[in-house]
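Worksheet for the structure shown next.
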Number of protein chains: 2
Amino acid sequence: MSKSFNLNLDKEIGLNENSIKANIVKHIKLTDSEWDIFFSLLDNKTYNKGEFVLKPGEVCNFHGFILSGFLRTYFLDKKEHEINLVFHTEDWWFADIASFVSEAPSKLNIVAMEDTVVFIISRENLEILFEKIPKFERFFRILNQRTFAALMGRYIDEIATPAKDRYFKFIEMRPTILNRVSLQHIASFLGMTKEYLSKIRSDK
Amino acid sequence: MSKSFNLNLDKEIGLNENSIKANIVKHIKLTDSEWDIFFSLLDNKTYNKGEFVLKPGEVCNFHGFILSGFLRTYFLDKKEHEINLVFHTEDWWFADIASFVSEAPSKLNIVAMEDTVVFIISRENLEILFEKIPKFERFFRILNQRTFAALMGRYIDEIATPAKDRYFKFIEMRPTILNRVSLQHIASFLGMTKEYLSKIRSDK
DNA sequence: CGCGGGTTTGATGATGCTCAAGCCCGGTGG
DNA sequence: CCACCGGGCTTGAGCATCATCAAACCCGCG
């Protein structure tokens, strides 16, 4: 490949690196050589719309960061209904933490809802990263804390807020998601059936 | 004070220190002088039954570890009903993480259900700890990860499991709690009214 | 034009809540 | 020793929320 042919690609990777850099410098500062180490431990992956990042039964041996696109995490209940847990968009870390920590088979599906570009860091590389740059322990501590706080908020909402209010809260909090995903997925995310959501929406 | 006079007290503190040490060494190894630093940053506190560790409106500026006793974390819904989120027993780290990270007023109550002895580490001392012994970043990263995984499990259960099954699962998973707390608190913890739990129990 | 995914509508029914009453039982005081 | 109290637990009738199932609708697309 000629240099000029590669130019656009290089630019794009540069953009990607800046996006994850911006995410990380919010909590820790690194030197240039530390950044080099960090990026050497990442894999760049692309998932086409409909492709699976993780399937039940697999062990989640990675953490991921979304550069562009849109992932959906869900599981199947006893009646084989899909229950959506998270919609992950750009600038978002994701993993099945339960499977990651226990090294047990995941119960979750993570699927690409759009063509999606991610950085992946494997369990092994993550351990190397912690060893070489302990500051990343801090970064992931803070990340985990915030993710935990967010989940706790959702948990409380789910318990304390009736379905109707959850929907109106959702369109207020995450308006852009509305255009990127079908209503049935939003219904499932909000803990109700698509039929019931439809009734809520037509009520006013 | 004479040495012999202090002996019992020392023994007791020794016991407490061993309990939190055992909890920590599961994930990180410290030298004796690091342990000294660690313990110098802790406060030992006792809460009598009924006393509050945290009230809504206060900012949670600490993490705590339970040496003995029993705490309950709950919030009030719109109808002023208490909704139990966690029962914390011995060997358990606790905090309102959401309030801790955002430094916003807590929405939660944490109350002692029995006389309870805890170690408290303040936000300031926690930062000092991270600075002096970065290994603790790792410890709390792992702790947060596991807490997150546990909450995710509960969240999925709450969504995917009917009330009846949640109760039978609970008595199987946490049988000792049954004797330490009234049924109405268990009902609230399991996301149902005390009346409904009562019917579940009498059904079989 | 017909197909198919997504959405809506309506009838029916289950799950679990509300409210009110009564029960059980240990503690306290006369 | 009994009477009464109060907290926790139970019971029952009626009801709200939300799920299920089946049918129809809408609309872009081949």
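If you're wondering about the labels, chains in the structure tokens are A, B, ... by order shown, residues count from 1 in each chain, ligands from 1 in order shown.
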Grab the Cα RMSD for chain B fitted onto chain A, all atoms paired in sequence order, one decimal please.
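Computed on C-alpha atoms only, the RMSD stands at 0.7 Å.
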Check every residue of chain C for an atom within 8 Å of chain A, counting only C-alpha atoms (C1' of nucleotides), and provide those that qualify as number ranges by chain.
C: 6-8
Need to verify the contact set: segment 121-133 of chain A, 8 Å, only C-alpha atoms (C1' of nucleotides), exclusion of same-chain residues closer than 6 positions in sequence. Can you return it as a list of chain:residue names?
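Those residues are A:Glu34, A:Ile37, A:Phe38, A:Leu41, A:Leu42, A:Asp43, A:Asn61, A:Phe62, A:His63, A:Gly64.
Between DA20 of chain C and the residues D:DA13, D:DA24, D:DG8, D:DC1, the shortest atom-to-atom distance, using only C-alpha atoms (C1' of nucleotides), involves D:DA13.
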Mind checking DSSP for segment 15-185 of chain A and telling me the alpha helix (DSSP H) residues as a ChimeraX atom specification?
/A:15-25,32-40,97-102,123-132,135-160,163-173,175-178,183-185
What's the 12 Å shell around DC24 of chain C, counting only C-alpha atoms (C1' of nucleotides), without same-chain residues fewer than 5 positions away, as a PyMOL selection string?
chain D and resi 6-10
Include N, CA and C atoms (P, O5', C5', C4', C3', O3' and C1' of nucleotides) and write out the residues we just selected as a PDB file, in the first residue's frame.
ATOM      1  P    DG D   6     -49.676   1.518  73.059  1.00  0.00           P
ATOM      2  O5'  DG D   6     -48.594   0.639  72.309  1.00  0.00           O
ATOM      3  C5'  DG D   6     -47.391   0.233  72.984  1.00  0.00           C
ATOM      4  C4'  DG D   6     -46.605  -0.657  72.048  1.00  0.00           C
ATOM      5  C3'  DG D   6     -46.767  -0.282  70.573  1.00  0.00           C
ATOM      6  O3'  DG D   6     -45.517  -0.435  69.920  1.00  0.00           O
ATOM      7  C1'  DG D   6     -47.465  -2.501  70.904  1.00  0.00           C
ATOM      8  P    DG D   7     -45.303   0.170  68.466  1.00  0.00           P
ATOM      9  O5'  DG D   7     -44.255  -0.865  67.864  1.00  0.00           O
ATOM     10  C5'  DG D   7     -43.419  -1.642  68.740  1.00  0.00           C
ATOM     11  C4'  DG D   7     -43.194  -3.001  68.106  1.00  0.00           C
ATOM     12  C3'  DG D   7     -43.106  -2.969  66.586  1.00  0.00           C
ATOM     13  O3'  DG D   7     -41.956  -3.692  66.189  1.00  0.00           O
ATOM     14  C1'  DG D   7     -44.825  -4.474  67.276  1.00  0.00           C
ATOM     15  P    DG D   8     -41.588  -3.852  64.669  1.00  0.00           P
ATOM     16  O5'  DG D   8     -42.154  -5.287  64.289  1.00  0.00           O
ATOM     17  C5'  DG D   8     -41.631  -6.436  64.950  1.00  0.00           C
ATOM     18  C4'  DG D   8     -42.525  -7.597  64.628  1.00  0.00           C
ATOM     19  C3'  DG D   8     -42.621  -7.926  63.139  1.00  0.00           C
ATOM     20  O3'  DG D   8     -42.268  -9.286  62.983  1.00  0.00           O
ATOM     21  C1'  DG D   8     -44.767  -7.840  64.102  1.00  0.00           C
ATOM     22  P    DC D   9     -42.061  -9.886  61.513  1.00  0.00           P
ATOM     23  O5'  DC D   9     -43.439 -10.640  61.251  1.00  0.00           O
ATOM     24  C5'  DC D   9     -43.860 -11.660  62.143  1.00  0.00           C
ATOM     25  C4'  DC D   9     -45.293 -12.012  61.857  1.00  0.00           C
ATOM     26  C3'  DC D   9     -45.597 -12.337  60.397  1.00  0.00           C
ATOM     27  O3'  DC D   9     -45.878 -13.730  60.305  1.00  0.00           O
ATOM     28  C1'  DC D   9     -47.292 -10.992  61.417  1.00  0.00           C
ATOM     29  P    DT D  10     -46.350 -14.350  58.911  1.00  0.00           P
ATOM     30  O5'  DT D  10     -47.934 -14.145  58.973  1.00  0.00           O
ATOM     31  C5'  DT D  10     -48.678 -14.806  59.993  1.00  0.00           C
ATOM     32  C4'  DT D  10     -50.162 -14.546  59.787  1.00  0.00           C
ATOM     33  C3'  DT D  10     -50.729 -14.978  58.435  1.00  0.00           C
ATOM     34  O3'  DT D  10     -51.796 -15.870  58.680  1.00  0.00           O
ATOM     35  C1'  DT D  10     -51.425 -12.778  58.979  1.00  0.00           C
TER      36       DT D  10
END
